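The block underneath contains the structure these notes are about, expressed in structure tokens.
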2 protein chains.
Amino acid sequence: MTRQRASRATPEVRRRQLIDATLKCIERSGISGLTLAEVAAEAGLAQGIVNLHFRSKDNLLKETLRHLADEYESTVADALAAAGPDPAERLATLVAADFSPAVCNARSLAVWFAFYGEAKSRPTYRRICRARDAANDRRMRQVVGDLLGGAEQGSLRVRAIADSLAALTDGLWLNCLMSPGEWSRRRARETAFTLLRSLFPRFFPTTESTT
Amino acid sequence: MTRQRASRATPEVRRRQLIDATLKCIERSGISGLTLAEVAAEAGLAQGIVNLHFRSKDNLLKETLRHLADEYESTVADALAAAGPDPAERLATLVAADFSPAVCNARSLAVWFAFYGEAKSRPTYRRICRARDAANDRRMRQVVGDLLGGAEQGSLRVRAIADSLAALTDGLWLNCLMSPGEWSRRRARETAFTLLRSLFPRFFPTTESTT
DNA sequence: TAAGTGAATTAATAATCATTCATTAGAAGC
DNA sequence: GCTTCTAATGAATGATTATTAATTCACTTA
């Protein structure tokens with residue numbers, strides 16, 4: 001039963017490794033069932049390792065959420081940077097990014113909602129999540145405003161539609177989390193695109209010509 | 001420091017009282033921070049009271065979620081039963097119910113998302129939440145199908161729009177939970193109605209005649 | 001009013017877990 | 001090879017907390 005002692009690694013490497021293990025463990029046990037022993041075992045390291053590299057469990061959780069938020073932000077920002085100038089294409093890119101495998105996978109969704117669930121009682125979590133939302137909302141309002149053109153730019157209606165599209169993502173993610181059998185990433189994406197086509201038939205024409 | 005002994009009450013009354021206390025405590029401390037001592041104190045009763053009436057903490061949590069789901073279900077079902085036969089009115093009723101004070105208040109939202117967050121690792125929670133979603137989705141598909149009429153009834157497009165509207169609620173609720181300062185119940189409701197007007201201009205005409 | 005019923009209390013128990021720190025040992029420099 | 005530095009270990013600690021069960025007592029009823 002003696003463990004093989006792990007070879008040395010830089011703190012950077014260990015921190016990343018422990019965050020990955022934490023993501024897996026939250027998916028498996030939720031935040032309420034998470035123990036440092038489980039995280040350490042998942043990483044193949046000894047009991048005290050988390051306290052060594054993160055000082056406390058609380059800190060590990062914050063850093064894990066931050067990592068998830070950074071990963072999301074860079075995925076979406078990169079996708080948008082790679083898109084062309086056409087507003088319809090840019091909007092489609094934003095929606096598609098939210099349902100890409102890098103973002104919409106069982107583990108990430110489980111962890112996002114685990115933190116959402118704790119957010120009411122933990123201001124720090126709420127702050128990190130809100131920073132993500134704010135960046136997201138700004139992008140979405142810009143793109144929807146560009147799409148609908150000058151007169152409406154910045155109108156309450158543009159704002160409401162952009163906010164609705166952002167909210168739609170969270171709701172469809174929740175479907176994927178709660179009913180993964182019925183709600184695949186693809187179905188969620190197609191549902192969002194169907195809404196886009198219904199909202200903006202001029203910009204997102206329906207493939208089959210029905211009416 | 002001696003406690004005043006509580007007067008006798010029926011198990012029914014105590015169970016309800018303890019569930020109410022649990023809702024408050026989850027809002028305050030999250031599920032991960034919830035202790036039976038806190039629940040008992042919130043109810044003004046002694047330590048062992050939860051185990052007496054619910055057998056275990058786990059059972060208390062399940063019953064609390066069930067209570068929340070039942071309350072939601074009866075609120076929405078009652079609202080729909082009171083609405084007239086016009087599909088547009090019925091759709092407006094469904095949306096309005098999701099943002100009524102009985103449903104969309106800080107405590108209920110906090111508790112819903114607390115359970116969503118644990119759902120991945122707790123099949124029982126997932127089952128209870130899914131039952132609520134299924135009833136909701138059925139109603140929404142029926143109403144949207146009625147609104148769009150014969151040809152589209154039951155089409156993939158109707159299904160996608162109904163699913164989107166259901167998802168929209170969850171997303172807007174999340175906004176209310178994470179940013180209660182910016183996202184009042186009323187703003188969330190108006191955002192949803194603005195989407196309805198944009199999607200179905202024929203059925204939900206814009207008040208001011210702008211085009 | 002005197003049992004009797006069972007709701008409520010509370011102190012004790014046992015288990016879980018985050019955190020600490022003395023010790024071990026891998027890697028780098030000489 | 002020897003020394004030094006510091007990552008890694010894991011047993012020990014102490015705090016927290018769900019659960020139990022013996023006891024108390026509020027209310028009912030005969």
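Numbering starts fresh at 1 for the residues of each chain in the structure tokens, the chains themselves are lettered A, B, ... in the order given, and ligands are numbered from 1 as they appear.
Excluding DT20 in chain C itself and same-chain residues fewer than 3 positions from it, the residues having an atom within 9 Å of it are Gly48 of chain A; DA12 and DT13 of chain D, counting only C-alpha atoms (C1' of nucleotides).
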Go ahead and write the residues just picked, C-alpha atoms (C1' of nucleotides), as a PDB file, in the first residue's frame.
```pdb
ATOM      1  CA  GLY A  48      -1.482  17.528   1.996  1.00  0.00           C
TER       2      GLY A  48
ATOM      3  C1'  DA D  12      -1.351  13.598  13.813  1.00  0.00           C
ATOM      4  C1'  DT D  13      -4.493  17.200  15.279  1.00  0.00           C
TER       5       DT D  13
END
```
Please determine the contact residues of chain B with respect to chain C at a cut-off of 12 Å, counting only C-alpha atoms (C1' of nucleotides), and supply them as an NGL selection string.
:B and (2-11 or 13-14 or 40 or 44-53)
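When only C-alpha atoms are used to measure the gap to Pro180 in chain A, the shortest distance among B:Lys57, B:Arg202, B:Arg126, B:Arg159 belongs to B:Arg126.
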Residues of chain A near chain B: apply a cut-off of 7 Å, count only C-alpha atoms, and supply the list as an mmCIF file with C-alpha atoms, in the first residue's frame.
```
data_model
loop_
_atom_site.group_PDB
_atom_site.id
_atom_site.type_symbol
_atom_site.label_atom_id
_atom_site.label_comp_id
_atom_site.auth_asym_id
_atom_site.auth_seq_id
_atom_site.Cartn_x
_atom_site.Cartn_y
_atom_site.Cartn_z
ATOM 1 C CA GLU A 27 -18.318 16.738 -11.749
ATOM 2 C CA ARG A 28 -18.323 13.462 -9.808
ATOM 3 C CA SER A 29 -19.192 14.644 -6.284
ATOM 4 C CA GLY A 30 -20.509 18.187 -6.506
ATOM 5 C CA ILE A 31 -19.105 20.998 -4.410
ATOM 6 C CA SER A 32 -20.871 19.791 -1.266
ATOM 7 C CA ALA A 110 -21.415 20.537 -14.281
ATOM 8 C CA PHE A 113 -23.673 25.162 -12.426
ATOM 9 C CA ALA A 114 -22.026 23.880 -9.276
ATOM 10 C CA PHE A 115 -20.565 27.346 -8.784
ATOM 11 C CA TYR A 116 -23.776 29.108 -9.808
ATOM 12 C CA GLY A 117 -25.495 27.122 -7.076
ATOM 13 C CA GLU A 118 -23.088 28.373 -4.448
ATOM 14 C CA LYS A 120 -25.791 33.297 -3.693
ATOM 15 C CA SER A 121 -23.885 32.600 -0.505
ATOM 16 C CA ARG A 126 -20.642 35.764 -7.958
ATOM 17 C CA ARG A 130 -20.463 38.317 -13.345
ATOM 18 C CA ARG A 157 -35.162 46.280 -28.042
ATOM 19 C CA ALA A 160 -33.491 42.881 -24.699
ATOM 20 C CA ILE A 161 -32.814 40.629 -27.669
ATOM 21 C CA SER A 164 -32.324 37.015 -24.334
ATOM 22 C CA ALA A 167 -29.853 33.890 -21.349
ATOM 23 C CA LEU A 168 -30.840 31.291 -23.918
ATOM 24 C CA ASP A 170 -27.553 29.337 -19.992
ATOM 25 C CA GLY A 171 -30.969 27.736 -20.270
ATOM 26 C CA LEU A 172 -29.906 25.327 -22.998
ATOM 27 C CA MET A 178 -30.047 17.836 -16.565
ATOM 28 C CA THR A 191 -32.344 24.957 -31.099
ATOM 29 C CA THR A 194 -33.676 27.863 -35.053
ATOM 30 C CA LEU A 195 -34.496 30.724 -32.728
ATOM 31 C CA SER A 198 -37.177 32.768 -36.460
ATOM 32 C CA LEU A 199 -36.066 36.083 -35.011
#
```
Sorted by chain and rising residue number, which residues of chain D lie within 7 Å of chain A, and what are their closest atom pairs and distances in Å to one decimal, counting only C-alpha atoms (C1' of nucleotides), as a tab-separated table?
```
residue	atom	partner	partner_atom	distance
D:DA7	C1'	A:Arg8	CA	5.8
D:DT9	C1'	A:Ala46	CA	6.1
D:DG10	C1'	A:Gln47	CA	7.0
```
For the residues in that selection, give me N, CA and C atoms (P, O5', C5', C4', C3', O3' and C1' of nucleotides) as an mmCIF file, in the first residue's frame.
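The resulting file, selection.cif, is reproduced below:
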```
data_model
loop_
_atom_site.group_PDB
_atom_site.id
_atom_site.type_symbol
_atom_site.label_atom_id
_atom_site.label_comp_id
_atom_site.auth_asym_id
_atom_site.auth_seq_id
_atom_site.Cartn_x
_atom_site.Cartn_y
_atom_site.Cartn_z
ATOM 1 P P DA D 7 9.040 24.373 -3.994
ATOM 2 O "O5'" DA D 7 8.415 23.058 -4.649
ATOM 3 C "C5'" DA D 7 9.175 22.353 -5.603
ATOM 4 C "C4'" DA D 7 8.873 20.876 -5.504
ATOM 5 C "C3'" DA D 7 7.404 20.523 -5.313
ATOM 6 O "O3'" DA D 7 7.144 19.388 -6.105
ATOM 7 C "C1'" DA D 7 8.651 19.650 -3.495
ATOM 8 P P DT D 9 3.267 13.346 -3.203
ATOM 9 O "O5'" DT D 9 3.622 12.904 -1.728
ATOM 10 C "C5'" DT D 9 4.787 12.117 -1.506
ATOM 11 C "C4'" DT D 9 4.932 11.826 -0.036
ATOM 12 C "C3'" DT D 9 3.687 11.235 0.629
ATOM 13 O "O3'" DT D 9 4.051 9.984 1.180
ATOM 14 C "C1'" DT D 9 4.600 13.009 1.926
ATOM 15 P P DG D 10 2.889 8.867 1.319
ATOM 16 O "O5'" DG D 10 2.463 9.050 2.837
ATOM 17 C "C5'" DG D 10 3.461 9.047 3.842
ATOM 18 C "C4'" DG D 10 2.840 9.464 5.155
ATOM 19 C "C3'" DG D 10 1.390 8.994 5.351
ATOM 20 O "O3'" DG D 10 1.182 8.789 6.740
ATOM 21 C "C1'" DG D 10 1.449 11.296 5.512
#
```
Members of range 11-192 of chain B assigned helix (DSSP H, G or I) by DSSP, as a PyMOL selection string:
chain B and resi 11-29+36-43+49-54+57-82+87-98+106-119+123-148+156-178+185-192
Just C-alpha atoms for this one: save the residues we selected as a compact mmCIF listing (two decimals), in the first residue's frame.
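The resulting part_30.txt:
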```
# COMPACT_ATOMS: atom_id res chain seq x y z
CA PRO B 11 -45.59 16.32 12.45
CA GLU B 12 -47.23 17.90 9.40
CA VAL B 13 -46.81 21.37 10.84
CA ARG B 14 -43.24 20.73 11.94
CA ARG B 15 -42.21 19.28 8.60
CA ARG B 16 -43.54 22.31 6.80
CA GLN B 17 -41.86 24.62 9.29
CA LEU B 18 -38.54 22.82 8.88
CA ILE B 19 -38.75 22.94 5.09
CA ASP B 20 -39.32 26.70 5.28
CA ALA B 21 -36.30 27.01 7.55
CA THR B 22 -34.26 24.93 5.13
CA LEU B 23 -35.17 27.22 2.23
CA LYS B 24 -33.95 30.20 4.21
CA CYS B 25 -30.77 28.43 5.24
CA ILE B 26 -29.90 27.30 1.72
CA GLU B 27 -30.35 30.86 0.54
CA ARG B 28 -28.01 32.05 3.28
CA SER B 29 -25.38 29.30 3.32
CA LEU B 36 -28.80 20.71 10.68
CA ALA B 37 -27.94 22.88 13.65
CA GLU B 38 -28.53 25.96 11.49
CA VAL B 39 -31.87 24.67 10.25
CA ALA B 40 -33.03 23.82 13.76
CA ALA B 41 -31.97 27.24 15.05
CA GLU B 42 -33.73 28.98 12.17
CA ALA B 43 -36.90 27.09 13.08
CA ILE B 49 -35.47 17.98 15.50
CA VAL B 50 -34.64 17.34 11.84
CA ASN B 51 -33.65 13.75 12.41
CA LEU B 52 -36.85 13.27 14.35
CA HIS B 53 -39.09 14.48 11.55
CA PHE B 54 -37.10 13.67 8.43
CA LYS B 57 -30.31 15.39 6.28
CA ASP B 58 -30.39 13.84 2.85
CA ASN B 59 -34.10 13.20 3.17
CA LEU B 60 -34.74 16.75 4.31
CA LEU B 61 -33.03 18.07 1.19
CA LYS B 62 -35.05 15.83 -1.12
CA GLU B 63 -38.31 16.86 0.52
CA THR B 64 -37.33 20.50 0.28
CA LEU B 65 -36.71 20.20 -3.45
CA ARG B 66 -39.98 18.33 -3.91
CA HIS B 67 -41.80 21.08 -2.06
CA LEU B 68 -40.29 23.74 -4.30
CA ALA B 69 -41.16 21.80 -7.43
CA ASP B 70 -44.75 21.22 -6.28
CA GLU B 71 -45.17 24.88 -5.45
CA TYR B 72 -43.91 25.89 -8.89
CA GLU B 73 -46.09 23.37 -10.65
CA SER B 74 -49.28 24.45 -8.91
CA THR B 75 -48.57 28.15 -9.44
CA VAL B 76 -48.12 27.72 -13.18
CA ALA B 77 -50.94 25.23 -13.60
CA ASP B 78 -53.35 27.51 -11.72
CA ALA B 79 -52.35 30.53 -13.79
CA LEU B 80 -52.88 28.65 -17.02
CA ALA B 81 -56.23 27.27 -15.87
CA ALA B 82 -57.38 30.81 -15.16
CA PRO B 87 -53.21 31.02 -27.52
CA ALA B 88 -51.45 34.38 -27.38
CA GLU B 89 -53.02 35.07 -24.00
CA ARG B 90 -52.07 31.62 -22.80
CA LEU B 91 -48.47 32.06 -23.89
CA ALA B 92 -48.30 35.44 -22.16
CA THR B 93 -49.72 33.79 -19.05
CA LEU B 94 -47.03 31.11 -19.04
CA VAL B 95 -44.26 33.67 -19.38
CA ALA B 96 -45.79 35.99 -16.78
CA ALA B 97 -46.12 33.12 -14.30
CA ASP B 98 -42.38 32.40 -14.49
CA ALA B 106 -34.54 35.64 -4.37
CA ARG B 107 -35.05 32.69 -2.09
CA SER B 108 -36.67 30.35 -4.57
CA LEU B 109 -34.14 31.15 -7.28
CA ALA B 110 -31.25 30.60 -4.90
CA VAL B 111 -32.63 27.22 -3.91
CA TRP B 112 -33.41 26.10 -7.45
CA PHE B 113 -29.89 26.80 -8.58
CA ALA B 114 -28.42 25.29 -5.44
CA PHE B 115 -30.09 22.01 -6.39
CA TYR B 116 -29.24 22.36 -10.08
CA GLY B 117 -25.63 22.64 -9.01
CA GLU B 118 -25.76 19.38 -7.11
CA ALA B 119 -27.86 17.60 -9.71
CA PRO B 123 -29.63 11.44 -9.54
CA THR B 124 -32.58 11.99 -7.22
CA TYR B 125 -32.34 15.76 -7.55
CA ARG B 126 -32.05 15.40 -11.30
CA ARG B 127 -35.16 13.26 -11.43
CA ILE B 128 -37.25 15.76 -9.49
CA CYS B 129 -36.05 18.69 -11.59
CA ARG B 130 -36.67 16.81 -14.81
CA ALA B 131 -40.25 16.04 -13.85
CA ARG B 132 -40.85 19.76 -13.50
CA ASP B 133 -39.16 20.50 -16.82
CA ALA B 134 -41.15 17.85 -18.65
CA ALA B 135 -44.51 19.25 -17.52
CA ASN B 136 -43.33 22.72 -18.43
CA ASP B 137 -42.08 21.77 -21.86
CA ARG B 138 -45.32 19.97 -22.68
CA ARG B 139 -47.38 23.04 -21.81
CA MET B 140 -45.10 25.34 -23.75
CA ARG B 141 -45.12 23.17 -26.88
CA GLN B 142 -48.89 22.94 -26.79
CA VAL B 143 -49.35 26.67 -26.49
CA VAL B 144 -46.75 27.62 -29.11
CA GLY B 145 -48.23 25.01 -31.46
CA ASP B 146 -51.70 26.44 -30.98
CA LEU B 147 -50.37 29.92 -31.61
CA LEU B 148 -48.62 29.11 -34.87
CA LEU B 156 -39.45 20.85 -35.33
CA ARG B 157 -39.61 24.62 -35.47
CA VAL B 158 -42.43 24.80 -32.94
CA ARG B 159 -40.54 22.46 -30.71
CA ALA B 160 -37.36 24.51 -30.95
CA ILE B 161 -39.17 27.76 -30.22
CA ALA B 162 -41.00 26.28 -27.25
CA ASP B 163 -37.76 24.81 -25.91
CA SER B 164 -36.07 28.18 -26.40
CA LEU B 165 -38.74 30.01 -24.43
CA ALA B 166 -38.47 27.49 -21.61
CA ALA B 167 -34.69 27.84 -21.63
CA LEU B 168 -35.00 31.62 -21.68
CA THR B 169 -36.73 31.51 -18.31
CA ASP B 170 -33.87 29.60 -16.71
CA GLY B 171 -31.33 31.98 -18.21
CA LEU B 172 -33.16 35.09 -17.03
CA TRP B 173 -33.62 33.56 -13.59
CA LEU B 174 -29.88 33.10 -13.46
CA ASN B 175 -29.43 36.79 -14.24
CA CYS B 176 -31.77 37.65 -11.37
CA LEU B 177 -29.79 35.38 -9.07
CA MET B 178 -26.33 36.61 -10.06
CA ARG B 185 -38.11 40.41 -11.68
CA ARG B 186 -39.81 43.09 -13.80
CA ARG B 187 -36.85 43.61 -16.07
CA ALA B 188 -36.55 39.89 -16.62
CA ARG B 189 -40.23 39.70 -17.47
CA GLU B 190 -40.03 42.64 -19.86
CA THR B 191 -37.03 41.11 -21.57
CA ALA B 192 -38.96 37.91 -22.14
```
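The space between CA of Trp183 in chain B and CA of Asn105 in chain B spans 11.5 Å.
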